[in-house]
file final09.txt (compact mmCIF, N, CA and C atoms)
# COMPACT_ATOMS: atom_id res chain seq x y z
N MET A 1 305.78 96.97 -10.60
CA MET A 1 305.63 95.53 -10.64
C MET A 1 306.02 94.97 -12.02
N MET A 2 305.53 95.60 -13.09
CA MET A 2 305.86 95.15 -14.44
C MET A 2 307.35 95.31 -14.72
N LYS A 3 307.94 96.38 -14.18
CA LYS A 3 309.36 96.61 -14.40
C LYS A 3 310.18 95.47 -13.79
N ASN A 4 309.81 95.05 -12.59
CA ASN A 4 310.50 93.93 -11.94
C ASN A 4 310.32 92.64 -12.73
N PHE A 5 309.12 92.42 -13.26
CA PHE A 5 308.85 91.23 -14.06
C PHE A 5 309.73 91.20 -15.30
N PHE A 6 309.80 92.32 -16.03
CA PHE A 6 310.62 92.37 -17.24
C PHE A 6 312.11 92.22 -16.92
N THR A 7 312.53 92.78 -15.81
CA THR A 7 313.92 92.63 -15.38
C THR A 7 314.24 91.15 -15.11
N LEU A 8 313.32 90.48 -14.43
CA LEU A 8 313.50 89.07 -14.13
C LEU A 8 313.56 88.23 -15.41
N VAL A 9 312.65 88.50 -16.35
CA VAL A 9 312.63 87.79 -17.62
C VAL A 9 313.95 88.02 -18.38
N PHE A 10 314.44 89.25 -18.37
CA PHE A 10 315.69 89.57 -19.05
C PHE A 10 316.86 88.79 -18.42
N LEU A 11 316.94 88.78 -17.09
CA LEU A 11 318.04 88.09 -16.42
C LEU A 11 317.99 86.58 -16.68
N VAL A 12 316.81 85.99 -16.66
CA VAL A 12 316.68 84.56 -16.94
C VAL A 12 317.12 84.27 -18.38
N THR A 13 316.73 85.12 -19.31
CA THR A 13 317.13 84.95 -20.71
C THR A 13 318.64 85.00 -20.86
N VAL A 14 319.27 85.95 -20.21
CA VAL A 14 320.73 86.08 -20.27
C VAL A 14 321.41 84.85 -19.68
N LEU A 15 320.93 84.38 -18.54
CA LEU A 15 321.53 83.21 -17.91
C LEU A 15 321.38 81.96 -18.78
N ILE A 16 320.23 81.78 -19.38
CA ILE A 16 320.03 80.62 -20.25
C ILE A 16 320.94 80.70 -21.47
N SER A 17 321.06 81.87 -22.07
CA SER A 17 321.92 82.00 -23.25
C SER A 17 323.38 81.77 -22.90
N CYS A 18 323.83 82.21 -21.74
CA CYS A 18 325.22 81.97 -21.33
C CYS A 18 325.48 80.49 -21.15
N LYS A 19 324.53 79.79 -20.54
CA LYS A 19 324.70 78.35 -20.33
C LYS A 19 324.79 77.62 -21.66
N CYS A 20 324.00 78.02 -22.63
CA CYS A 20 324.03 77.36 -23.95
C CYS A 20 325.36 77.59 -24.63
N GLN A 21 325.93 78.77 -24.52
CA GLN A 21 327.20 79.05 -25.16
C GLN A 21 328.30 78.19 -24.56
N LYS A 22 328.30 78.01 -23.24
CA LYS A 22 329.31 77.18 -22.61
C LYS A 22 329.16 75.74 -23.06
N THR A 23 327.94 75.25 -23.13
CA THR A 23 327.69 73.90 -23.57
C THR A 23 328.17 73.71 -25.00
N ASP A 24 327.91 74.69 -25.86
CA ASP A 24 328.34 74.60 -27.25
C ASP A 24 329.86 74.50 -27.35
N SER A 25 330.61 75.28 -26.57
CA SER A 25 332.07 75.24 -26.66
C SER A 25 332.60 73.89 -26.17
N VAL A 26 332.00 73.35 -25.12
CA VAL A 26 332.42 72.05 -24.61
C VAL A 26 332.07 70.96 -25.63
N SER A 27 330.93 71.08 -26.28
CA SER A 27 330.51 70.04 -27.23
C SER A 27 331.46 69.97 -28.44
N LYS A 28 332.23 71.03 -28.70
CA LYS A 28 333.22 70.98 -29.79
C LYS A 28 334.30 69.94 -29.53
N LEU A 29 334.47 69.55 -28.26
CA LEU A 29 335.44 68.51 -27.91
C LEU A 29 335.02 67.14 -28.44
N ASP A 30 333.72 66.91 -28.55
CA ASP A 30 333.20 65.59 -28.92
C ASP A 30 333.90 65.02 -30.15
N GLY A 31 334.17 63.73 -30.08
CA GLY A 31 334.75 63.04 -31.23
C GLY A 31 336.16 62.56 -30.95
N ASN A 32 336.80 62.10 -32.01
CA ASN A 32 338.13 61.50 -31.92
C ASN A 32 339.19 62.46 -32.44
N TRP A 33 340.28 62.58 -31.69
CA TRP A 33 341.39 63.48 -32.02
C TRP A 33 342.69 62.68 -32.03
N GLU A 34 343.58 63.00 -32.98
CA GLU A 34 344.88 62.32 -33.08
C GLU A 34 346.01 63.30 -32.74
N LEU A 35 346.92 62.86 -31.88
CA LEU A 35 348.05 63.69 -31.46
C LEU A 35 349.01 63.90 -32.63
N ASN A 36 349.46 65.16 -32.81
CA ASN A 36 350.49 65.41 -33.82
C ASN A 36 351.64 66.26 -33.28
N TYR A 37 351.56 66.64 -31.98
CA TYR A 37 352.66 67.38 -31.33
C TYR A 37 352.57 67.17 -29.83
N ILE A 38 353.73 66.97 -29.20
CA ILE A 38 353.81 66.93 -27.74
C ILE A 38 355.12 67.57 -27.32
N THR A 39 355.07 68.40 -26.31
CA THR A 39 356.26 69.11 -25.86
C THR A 39 357.05 68.27 -24.85
N GLY A 40 358.29 68.61 -24.66
CA GLY A 40 359.07 68.00 -23.60
C GLY A 40 360.20 67.10 -24.04
N PRO A 41 359.89 65.94 -24.65
CA PRO A 41 360.97 64.99 -24.91
C PRO A 41 361.94 65.49 -25.97
N ARG A 42 363.17 65.02 -25.86
CA ARG A 42 364.19 65.39 -26.85
C ARG A 42 364.19 64.43 -28.03
N ILE A 43 363.26 63.52 -28.01
CA ILE A 43 363.12 62.56 -29.11
C ILE A 43 362.11 63.12 -30.10
N ALA A 44 362.37 62.97 -31.38
CA ALA A 44 361.44 63.45 -32.40
C ALA A 44 360.09 62.75 -32.23
N PHE A 45 359.03 63.45 -32.61
CA PHE A 45 357.67 62.93 -32.46
C PHE A 45 357.53 61.54 -33.11
N ASP A 46 358.04 61.38 -34.33
CA ASP A 46 357.93 60.09 -35.02
C ASP A 46 358.75 59.01 -34.32
N GLY A 47 359.77 59.40 -33.59
CA GLY A 47 360.54 58.44 -32.81
C GLY A 47 359.79 57.98 -31.56
N LEU A 48 359.00 58.88 -30.98
CA LEU A 48 358.19 58.51 -29.82
C LEU A 48 357.04 57.59 -30.21
N TYR A 49 356.47 57.83 -31.38
CA TYR A 49 355.30 57.09 -31.83
C TYR A 49 355.52 56.52 -33.24
N PRO A 50 356.45 55.56 -33.36
CA PRO A 50 356.78 55.04 -34.69
C PRO A 50 355.68 54.19 -35.32
N ASN A 51 354.86 53.54 -34.49
CA ASN A 51 353.86 52.61 -35.01
C ASN A 51 352.44 53.15 -34.97
N LYS A 52 352.12 53.92 -33.93
CA LYS A 52 350.75 54.36 -33.74
C LYS A 52 350.74 55.68 -32.96
N LYS A 53 350.08 56.69 -33.53
CA LYS A 53 349.96 57.97 -32.84
C LYS A 53 348.87 57.87 -31.77
N PRO A 54 349.08 58.52 -30.62
CA PRO A 54 348.04 58.53 -29.59
C PRO A 54 346.77 59.24 -30.09
N THR A 55 345.66 58.79 -29.55
CA THR A 55 344.37 59.41 -29.85
C THR A 55 343.63 59.67 -28.55
N ILE A 56 342.70 60.60 -28.60
CA ILE A 56 341.83 60.87 -27.46
C ILE A 56 340.42 61.10 -27.98
N ASN A 57 339.45 60.54 -27.28
CA ASN A 57 338.07 60.61 -27.70
C ASN A 57 337.23 61.18 -26.56
N PHE A 58 336.43 62.20 -26.87
CA PHE A 58 335.58 62.84 -25.87
C PHE A 58 334.12 62.54 -26.14
N ASN A 59 333.40 62.18 -25.09
CA ASN A 59 331.96 62.03 -25.13
C ASN A 59 331.41 62.94 -24.04
N THR A 60 331.05 64.18 -24.40
CA THR A 60 330.64 65.15 -23.40
C THR A 60 329.27 64.84 -22.81
N LYS A 61 328.43 64.15 -23.56
CA LYS A 61 327.10 63.78 -23.03
C LYS A 61 327.22 62.79 -21.88
N GLU A 62 328.18 61.87 -21.99
CA GLU A 62 328.39 60.85 -20.96
C GLU A 62 329.51 61.22 -19.98
N ASN A 63 330.13 62.39 -20.17
CA ASN A 63 331.28 62.82 -19.35
C ASN A 63 332.38 61.77 -19.33
N GLN A 64 332.72 61.24 -20.53
CA GLN A 64 333.75 60.21 -20.65
C GLN A 64 334.86 60.67 -21.58
N VAL A 65 336.07 60.28 -21.22
CA VAL A 65 337.23 60.48 -22.09
C VAL A 65 337.89 59.10 -22.25
N SER A 66 338.36 58.81 -23.44
CA SER A 66 339.03 57.54 -23.69
C SER A 66 340.03 57.75 -24.83
N GLY A 67 340.80 56.72 -25.11
CA GLY A 67 341.75 56.85 -26.20
C GLY A 67 342.81 55.78 -26.15
N ASN A 68 343.89 56.07 -26.87
CA ASN A 68 345.02 55.16 -26.93
C ASN A 68 346.28 56.00 -26.82
N ASN A 69 347.21 55.59 -25.96
CA ASN A 69 348.42 56.39 -25.72
C ASN A 69 349.59 56.00 -26.63
N GLY A 70 349.29 55.34 -27.71
CA GLY A 70 350.33 54.88 -28.63
C GLY A 70 350.56 53.39 -28.49
N CYS A 71 350.08 52.82 -27.38
CA CYS A 71 350.21 51.39 -27.12
C CYS A 71 348.96 50.87 -26.40
N ASN A 72 348.68 51.44 -25.25
CA ASN A 72 347.58 50.97 -24.41
C ASN A 72 346.38 51.91 -24.48
N SER A 73 345.21 51.32 -24.26
CA SER A 73 343.97 52.10 -24.22
C SER A 73 343.76 52.64 -22.82
N PHE A 74 343.08 53.78 -22.73
CA PHE A 74 342.74 54.37 -21.44
C PHE A 74 341.31 54.89 -21.49
N THR A 75 340.71 55.01 -20.31
CA THR A 75 339.37 55.58 -20.19
C THR A 75 339.20 56.17 -18.80
N GLY A 76 338.38 57.20 -18.73
CA GLY A 76 338.14 57.84 -17.44
C GLY A 76 337.01 58.84 -17.53
N LYS A 77 336.80 59.54 -16.42
CA LYS A 77 335.74 60.53 -16.33
C LYS A 77 336.25 61.85 -16.89
N LEU A 78 335.42 62.47 -17.72
CA LEU A 78 335.76 63.78 -18.29
C LEU A 78 335.39 64.86 -17.29
N ASN A 79 336.36 65.69 -16.93
CA ASN A 79 336.13 66.77 -15.99
C ASN A 79 336.46 68.08 -16.72
N VAL A 80 335.42 68.74 -17.25
CA VAL A 80 335.61 69.94 -18.06
C VAL A 80 334.55 70.98 -17.69
N THR A 81 335.00 72.23 -17.57
CA THR A 81 334.12 73.37 -17.33
C THR A 81 334.61 74.51 -18.20
N GLY A 82 333.78 74.90 -19.17
CA GLY A 82 334.22 75.94 -20.10
C GLY A 82 335.44 75.45 -20.85
N ASN A 83 336.54 76.21 -20.79
CA ASN A 83 337.76 75.76 -21.46
C ASN A 83 338.76 75.15 -20.47
N LYS A 84 338.35 74.96 -19.23
CA LYS A 84 339.20 74.32 -18.22
C LYS A 84 338.98 72.82 -18.27
N ILE A 85 340.07 72.05 -18.23
CA ILE A 85 339.97 70.60 -18.29
C ILE A 85 340.95 70.00 -17.29
N ASP A 86 340.55 68.89 -16.68
CA ASP A 86 341.34 68.29 -15.60
C ASP A 86 341.52 66.80 -15.86
N PHE A 87 342.78 66.39 -16.00
CA PHE A 87 343.10 64.98 -16.21
C PHE A 87 343.84 64.40 -14.99
N THR A 88 343.64 64.99 -13.82
CA THR A 88 344.38 64.52 -12.64
C THR A 88 343.72 63.32 -11.96
N GLN A 89 342.47 63.01 -12.31
CA GLN A 89 341.80 61.84 -11.73
C GLN A 89 342.35 60.57 -12.37
N PRO A 90 342.44 59.49 -11.58
CA PRO A 90 342.97 58.23 -12.14
C PRO A 90 342.12 57.73 -13.32
N MET A 91 342.80 57.11 -14.28
CA MET A 91 342.12 56.51 -15.43
C MET A 91 342.46 55.03 -15.48
N ALA A 92 341.55 54.25 -16.05
CA ALA A 92 341.81 52.84 -16.29
C ALA A 92 342.67 52.73 -17.55
N VAL A 93 343.75 51.95 -17.47
CA VAL A 93 344.67 51.79 -18.60
C VAL A 93 344.97 50.31 -18.79
N THR A 94 344.89 49.84 -20.03
CA THR A 94 345.27 48.45 -20.30
C THR A 94 346.78 48.30 -20.09
N LYS A 95 347.25 47.07 -20.01
CA LYS A 95 348.66 46.83 -19.71
C LYS A 95 349.31 45.89 -20.71
N MET A 96 349.19 46.24 -21.98
CA MET A 96 349.87 45.44 -23.01
C MET A 96 351.36 45.77 -22.99
N MET A 97 352.18 44.81 -23.37
CA MET A 97 353.61 45.05 -23.46
C MET A 97 353.91 45.81 -24.75
N CYS A 98 354.65 46.89 -24.61
CA CYS A 98 354.95 47.73 -25.76
C CYS A 98 356.46 47.85 -25.91
N MET A 99 356.95 47.66 -27.11
CA MET A 99 358.38 47.75 -27.35
C MET A 99 358.87 49.19 -27.34
N ASP A 100 358.03 50.12 -27.79
CA ASP A 100 358.42 51.53 -27.85
C ASP A 100 357.63 52.29 -26.78
N GLY A 101 357.89 51.98 -25.52
CA GLY A 101 357.09 52.47 -24.40
C GLY A 101 357.36 53.88 -23.95
N GLN A 102 358.40 54.54 -24.44
CA GLN A 102 358.69 55.89 -23.95
C GLN A 102 357.60 56.88 -24.37
N GLY A 103 357.05 56.75 -25.55
CA GLY A 103 355.99 57.64 -26.00
C GLY A 103 354.76 57.53 -25.13
N GLU A 104 354.44 56.30 -24.73
CA GLU A 104 353.30 56.07 -23.84
C GLU A 104 353.51 56.80 -22.52
N LEU A 105 354.69 56.70 -21.96
CA LEU A 105 355.00 57.35 -20.69
C LEU A 105 354.92 58.87 -20.83
N VAL A 106 355.47 59.42 -21.90
CA VAL A 106 355.43 60.87 -22.13
C VAL A 106 353.98 61.34 -22.23
N PHE A 107 353.16 60.62 -22.99
CA PHE A 107 351.75 61.01 -23.17
C PHE A 107 351.01 61.00 -21.83
N MET A 108 351.11 59.89 -21.10
CA MET A 108 350.35 59.75 -19.85
C MET A 108 350.86 60.68 -18.75
N SER A 109 352.13 61.04 -18.78
CA SER A 109 352.65 61.96 -17.76
C SER A 109 352.37 63.42 -18.11
N THR A 110 352.09 63.71 -19.37
CA THR A 110 351.78 65.08 -19.78
C THR A 110 350.31 65.42 -19.50
N LEU A 111 349.41 64.46 -19.67
CA LEU A 111 347.98 64.73 -19.48
C LEU A 111 347.64 65.40 -18.14
N PRO A 112 348.15 64.93 -16.99
CA PRO A 112 347.78 65.57 -15.72
C PRO A 112 348.27 67.02 -15.58
N LYS A 113 349.20 67.43 -16.43
CA LYS A 113 349.71 68.81 -16.38
C LYS A 113 348.79 69.79 -17.12
N ILE A 114 347.86 69.27 -17.91
CA ILE A 114 346.99 70.11 -18.73
C ILE A 114 345.95 70.80 -17.85
N THR A 115 345.79 72.12 -18.06
CA THR A 115 344.82 72.89 -17.27
C THR A 115 343.68 73.45 -18.10
N SER A 116 343.89 73.60 -19.41
CA SER A 116 342.85 74.15 -20.27
C SER A 116 343.04 73.65 -21.70
N TYR A 117 342.06 73.97 -22.53
CA TYR A 117 342.15 73.57 -23.94
C TYR A 117 341.65 74.71 -24.81
N ASP A 118 342.01 74.63 -26.09
CA ASP A 118 341.56 75.60 -27.08
C ASP A 118 341.32 74.85 -28.38
N ILE A 119 340.19 75.13 -29.01
CA ILE A 119 339.89 74.53 -30.31
C ILE A 119 339.87 75.66 -31.32
N THR A 120 340.57 75.47 -32.44
CA THR A 120 340.62 76.50 -33.47
C THR A 120 339.22 76.76 -34.03
N ASP A 121 339.04 77.94 -34.61
CA ASP A 121 337.73 78.34 -35.14
C ASP A 121 337.17 77.35 -36.15
N ASP A 122 338.05 76.72 -36.93
CA ASP A 122 337.56 75.76 -37.93
C ASP A 122 337.23 74.40 -37.31
N GLY A 123 337.51 74.23 -35.99
CA GLY A 123 337.17 73.00 -35.29
C GLY A 123 338.05 71.81 -35.59
N LYS A 124 339.19 72.04 -36.26
CA LYS A 124 340.04 70.92 -36.70
C LYS A 124 341.26 70.69 -35.82
N THR A 125 341.61 71.65 -34.97
CA THR A 125 342.80 71.52 -34.13
C THR A 125 342.46 71.77 -32.67
N LEU A 126 342.90 70.86 -31.81
CA LEU A 126 342.70 70.95 -30.37
C LEU A 126 344.06 71.11 -29.72
N ASN A 127 344.21 72.16 -28.91
CA ASN A 127 345.45 72.38 -28.17
C ASN A 127 345.19 72.16 -26.69
N PHE A 128 346.06 71.38 -26.05
CA PHE A 128 346.03 71.22 -24.60
C PHE A 128 347.09 72.16 -24.03
N ILE A 129 346.69 72.93 -23.03
CA ILE A 129 347.53 74.00 -22.50
C ILE A 129 347.78 73.79 -21.01
N SER A 130 348.99 74.07 -20.57
CA SER A 130 349.35 74.08 -19.16
C SER A 130 349.77 75.49 -18.82
N GLY A 131 348.98 76.18 -18.00
CA GLY A 131 349.24 77.60 -17.74
C GLY A 131 349.00 78.36 -19.02
N ASP A 132 350.07 78.83 -19.66
CA ASP A 132 349.94 79.52 -20.95
C ASP A 132 350.82 78.86 -22.02
N ILE A 133 351.24 77.61 -21.76
CA ILE A 133 352.11 76.90 -22.69
C ILE A 133 351.34 75.77 -23.37
N ALA A 134 351.34 75.75 -24.71
CA ALA A 134 350.72 74.66 -25.46
C ALA A 134 351.59 73.41 -25.31
N MET A 135 351.02 72.38 -24.70
CA MET A 135 351.77 71.15 -24.41
C MET A 135 351.51 70.03 -25.41
N MET A 136 350.28 69.99 -25.95
CA MET A 136 349.89 68.93 -26.88
C MET A 136 348.98 69.53 -27.96
N ARG A 137 349.08 68.96 -29.16
CA ARG A 137 348.20 69.41 -30.25
C ARG A 137 347.62 68.19 -30.94
N PHE A 138 346.31 68.22 -31.17
CA PHE A 138 345.59 67.12 -31.80
C PHE A 138 344.87 67.63 -33.05
N THR A 139 344.64 66.70 -33.98
CA THR A 139 343.87 66.99 -35.18
C THR A 139 342.60 66.16 -35.14
N LYS A 140 341.48 66.77 -35.51
CA LYS A 140 340.19 66.07 -35.52
C LYS A 140 340.21 64.96 -36.56
N LYS A 141 339.75 63.78 -36.17
CA LYS A 141 339.69 62.62 -37.08
C LYS A 141 338.25 62.35 -37.47
call {"tool": "encode", "arguments": {"input": "final09.txt", "output": "structure tokens"}}
result
Amino acid sequence: MMKNFFTLVFLVTVLISCKCQKTDSVSKLDGNWELNYITGPRIAFDGLYPNKKPTINFNTKENQVSGNNGCNSFTGKLNVTGNKIDFTQPMAVTKMMCMDGQGELVFMSTLPKITSYDITDDGKTLNFISGDIAMMRFTKK
């Protein structure tokens, strides 16, 4: 009987510690990040975003993601589990007229392709990954 009790206590302890570790890794997303690399376009990064670099802001407690795509603001529900992240759900986006709109299109069309993320050990760089390819890189602000 005591052996079963100790086994149960051990398993509960392991499960609780695993849940805390996952929460800690997700909480590293919290805060504001600025884009400094995006794959795909043949236009230089500074040409895509001559006036304003895109940003993304995570609030893991409220399950919210928001930001600016270089011109317009966006907001939506954060869908993240461990290092898996999903941007395929529709987001609300403002509709201001932008003269340099290609960067906005590249940013918003790349987000739904992202399947996971990685944050460097120092917590300063966030990589968005599609399959095994780094598609976007952000710096913590």
call {"tool": "atom_distance", "arguments": {"input": "final09.txt", "atom1": "CA of Pro112 in chain A", "atom2": "CA of Ile85 in chain A"}}
result
9.6 Å
call {"tool": "closest_residue", "arguments": {"input": "final09.txt", "among": "A:Leu111, A:Ile119, A:Ile129, A:Leu105", "to": "Phe87 in chain A", "atoms": "all atoms listed in the file"}}
result
A:Leu111
call {"tool": "closest_atom_pairs", "arguments": {"input": "final09.txt", "of": "range 67-123 of chain A", "to": "range 40-54 of chain A", "cutoff": "5 Å", "atoms": "only N, CA and C atoms", "output": "Markdown table"}}
result
| residue | atom | partner | partner_atom | distance |
| --- | --- | --- | --- | --- |
| A:Asn68 | C | A:Pro54 | CA | 4.1 |
| A:Asn69 | C | A:Pro54 | CA | 4.2 |
| A:Gly70 | N | A:Pro54 | CA | 3.9 |
| A:Gly103 | CA | A:Leu48 | C | 4.3 |
call {"tool": "atom_distance", "arguments": {"input": "final09.txt", "atom1": "atom N of Val106 in chain A", "atom2": "CA of Gly82 in chain A"}}
result
27.0 Å
call {"tool": "atom_distance", "arguments": {"input": "final09.txt", "atom1": "CA of Asn72 in chain A", "atom2": "CA of Ile38 in chain A"}}
result
17.5 Å
call {"tool": "residues_around", "arguments": {"input": "final09.txt", "residues": "Lys77 in chain A", "least_positions_apart": "3", "cutoff": "6.5 Å", "atoms": "all atoms listed in the file", "output": "JSON, numbers by chain"}}
result
{"A": [63, 64, 65, 90, 91]}
call {"tool": "write_last_selection", "arguments": {"input": "final09.txt", "atoms": "N, CA and C atoms", "output": "compact mmCIF listing (two decimals), in the coordinates of the input"}}
result
# COMPACT_ATOMS: atom_id res chain seq x y z
N ASN A 63 330.13 62.39 -20.17
CA ASN A 63 331.28 62.82 -19.35
C ASN A 63 332.38 61.77 -19.33
N GLN A 64 332.72 61.24 -20.53
CA GLN A 64 333.75 60.21 -20.65
C GLN A 64 334.86 60.67 -21.58
N VAL A 65 336.07 60.28 -21.22
CA VAL A 65 337.23 60.48 -22.09
C VAL A 65 337.89 59.10 -22.25
N PRO A 90 342.44 59.49 -11.58
CA PRO A 90 342.97 58.23 -12.14
C PRO A 90 342.12 57.73 -13.32
N MET A 91 342.80 57.11 -14.28
CA MET A 91 342.12 56.51 -15.43
C MET A 91 342.46 55.03 -15.48
call {"tool": "residues_around", "arguments": {"input": "final09.txt", "residues": "range 137-139 of chain A", "least_positions_apart": "3", "cutoff": "7 Å", "atoms": "only C-alpha atoms", "output": "list in words"}}
result
Trp33, Glu34, Leu35, Asn36, Tyr37, Ile38, Lys124, Thr125, Leu126, Asn127 and Phe128 of chain A
call {"tool": "closest_residue", "arguments": {"input": "final09.txt", "among": "A:Leu29, A:Cys98, A:Met108, A:Cys71", "to": "Asn59 in chain A", "atoms": "all atoms listed in the file"}}
result
A:Leu29
call {"tool": "residues_around", "arguments": {"input": "final09.txt", "residues": "Val93 in chain A", "least_positions_apart": "6", "cutoff": "8 Å", "atoms": "all atoms listed in the file", "output": "MDAnalysis selection string"}}
result
chainID A and resid 72:76
call {"tool": "select_by_dssp", "arguments": {"input": "final09.txt", "residues": "range 2-138 of chain A", "states": "strand (DSSP E)", "output": "number ranges by chain"}}
result
A: 31-38, 55-59, 64-68, 73-77, 79-81, 84-86, 92-93, 116-119, 125-130, 133-138
call {"tool": "write_last_selection", "arguments": {"input": "final09.txt", "atoms": "N, CA and C atoms", "output": "compact mmCIF listing (two decimals), keeping the file's coordinate frame"}}
result
# COMPACT_ATOMS: atom_id res chain seq x y z
N GLY A 31 334.17 63.73 -30.08
CA GLY A 31 334.75 63.04 -31.23
C GLY A 31 336.16 62.56 -30.95
N ASN A 32 336.80 62.10 -32.01
CA ASN A 32 338.13 61.50 -31.92
C ASN A 32 339.19 62.46 -32.44
N TRP A 33 340.28 62.58 -31.69
CA TRP A 33 341.39 63.48 -32.02
C TRP A 33 342.69 62.68 -32.03
N GLU A 34 343.58 63.00 -32.98
CA GLU A 34 344.88 62.32 -33.08
C GLU A 34 346.01 63.30 -32.74
N LEU A 35 346.92 62.86 -31.88
CA LEU A 35 348.05 63.69 -31.46
C LEU A 35 349.01 63.90 -32.63
N ASN A 36 349.46 65.16 -32.81
CA ASN A 36 350.49 65.41 -33.82
C ASN A 36 351.64 66.26 -33.28
N TYR A 37 351.56 66.64 -31.98
CA TYR A 37 352.66 67.38 -31.33
C TYR A 37 352.57 67.17 -29.83
N ILE A 38 353.73 66.97 -29.20
CA ILE A 38 353.81 66.93 -27.74
C ILE A 38 355.12 67.57 -27.32
N THR A 55 345.66 58.79 -29.55
CA THR A 55 344.37 59.41 -29.85
C THR A 55 343.63 59.67 -28.55
N ILE A 56 342.70 60.60 -28.60
CA ILE A 56 341.83 60.87 -27.46
C ILE A 56 340.42 61.10 -27.98
N ASN A 57 339.45 60.54 -27.28
CA ASN A 57 338.07 60.61 -27.70
C ASN A 57 337.23 61.18 -26.56
N PHE A 58 336.43 62.20 -26.87
CA PHE A 58 335.58 62.84 -25.87
C PHE A 58 334.12 62.54 -26.14
N ASN A 59 333.40 62.18 -25.09
CA ASN A 59 331.96 62.03 -25.13
C ASN A 59 331.41 62.94 -24.04
N GLN A 64 332.72 61.24 -20.53
CA GLN A 64 333.75 60.21 -20.65
C GLN A 64 334.86 60.67 -21.58
N VAL A 65 336.07 60.28 -21.22
CA VAL A 65 337.23 60.48 -22.09
C VAL A 65 337.89 59.10 -22.25
N SER A 66 338.36 58.81 -23.44
CA SER A 66 339.03 57.54 -23.69
C SER A 66 340.03 57.75 -24.83
N GLY A 67 340.80 56.72 -25.11
CA GLY A 67 341.75 56.85 -26.20
C GLY A 67 342.81 55.78 -26.15
N ASN A 68 343.89 56.07 -26.87
CA ASN A 68 345.02 55.16 -26.93
C ASN A 68 346.28 56.00 -26.82
N SER A 73 345.21 51.32 -24.26
CA SER A 73 343.97 52.10 -24.22
C SER A 73 343.76 52.64 -22.82
N PHE A 74 343.08 53.78 -22.73
CA PHE A 74 342.74 54.37 -21.44
C PHE A 74 341.31 54.89 -21.49
N THR A 75 340.71 55.01 -20.31
CA THR A 75 339.37 55.58 -20.19
C THR A 75 339.20 56.17 -18.80
N GLY A 76 338.38 57.20 -18.73
CA GLY A 76 338.14 57.84 -17.44
C GLY A 76 337.01 58.84 -17.53
N LYS A 77 336.80 59.54 -16.42
CA LYS A 77 335.74 60.53 -16.33
C LYS A 77 336.25 61.85 -16.89
N ASN A 79 336.36 65.69 -16.93
CA ASN A 79 336.13 66.77 -15.99
C ASN A 79 336.46 68.08 -16.72
N VAL A 80 335.42 68.74 -17.25
CA VAL A 80 335.61 69.94 -18.06
C VAL A 80 334.55 70.98 -17.69
N THR A 81 335.00 72.23 -17.57
CA THR A 81 334.12 73.37 -17.33
C THR A 81 334.61 74.51 -18.20
N LYS A 84 338.35 74.96 -19.23
CA LYS A 84 339.20 74.32 -18.22
C LYS A 84 338.98 72.82 -18.27
N ILE A 85 340.07 72.05 -18.23
CA ILE A 85 339.97 70.60 -18.29
C ILE A 85 340.95 70.00 -17.29
N ASP A 86 340.55 68.89 -16.68
CA ASP A 86 341.34 68.29 -15.60
C ASP A 86 341.52 66.80 -15.86
N ALA A 92 341.55 54.25 -16.05
CA ALA A 92 341.81 52.84 -16.29
C ALA A 92 342.67 52.73 -17.55
N VAL A 93 343.75 51.95 -17.47
CA VAL A 93 344.67 51.79 -18.60
C VAL A 93 344.97 50.31 -18.79
N SER A 116 343.89 73.60 -19.41
CA SER A 116 342.85 74.15 -20.27
C SER A 116 343.04 73.65 -21.70
N TYR A 117 342.06 73.97 -22.53
CA TYR A 117 342.15 73.57 -23.94
C TYR A 117 341.65 74.71 -24.81
N ASP A 118 342.01 74.63 -26.09
CA ASP A 118 341.56 75.60 -27.08
C ASP A 118 341.32 74.85 -28.38
N ILE A 119 340.19 75.13 -29.01
CA ILE A 119 339.89 74.53 -30.31
C ILE A 119 339.87 75.66 -31.32
N THR A 125 341.61 71.65 -34.97
CA THR A 125 342.80 71.52 -34.13
C THR A 125 342.46 71.77 -32.67
N LEU A 126 342.90 70.86 -31.81
CA LEU A 126 342.70 70.95 -30.37
C LEU A 126 344.06 71.11 -29.72
N ASN A 127 344.21 72.16 -28.91
CA ASN A 127 345.45 72.38 -28.17
C ASN A 127 345.19 72.16 -26.69
N PHE A 128 346.06 71.38 -26.05
CA PHE A 128 346.03 71.22 -24.60
C PHE A 128 347.09 72.16 -24.03
N ILE A 129 346.69 72.93 -23.03
CA ILE A 129 347.53 74.00 -22.50
C ILE A 129 347.78 73.79 -21.01
N SER A 130 348.99 74.07 -20.57
CA SER A 130 349.35 74.08 -19.16
C SER A 130 349.77 75.49 -18.82
N ILE A 133 351.24 77.61 -21.76
CA ILE A 133 352.11 76.90 -22.69
C ILE A 133 351.34 75.77 -23.37
N ALA A 134 351.34 75.75 -24.71
CA ALA A 134 350.72 74.66 -25.46
C ALA A 134 351.59 73.41 -25.31
N MET A 135 351.02 72.38 -24.70
CA MET A 135 351.77 71.15 -24.41
C MET A 135 351.51 70.03 -25.41
N MET A 136 350.28 69.99 -25.95
CA MET A 136 349.89 68.93 -26.88
C MET A 136 348.98 69.53 -27.96
N ARG A 137 349.08 68.96 -29.16
CA ARG A 137 348.20 69.41 -30.25
C ARG A 137 347.62 68.19 -30.94
N PHE A 138 346.31 68.22 -31.17
CA PHE A 138 345.59 67.12 -31.80
C PHE A 138 344.87 67.63 -33.05
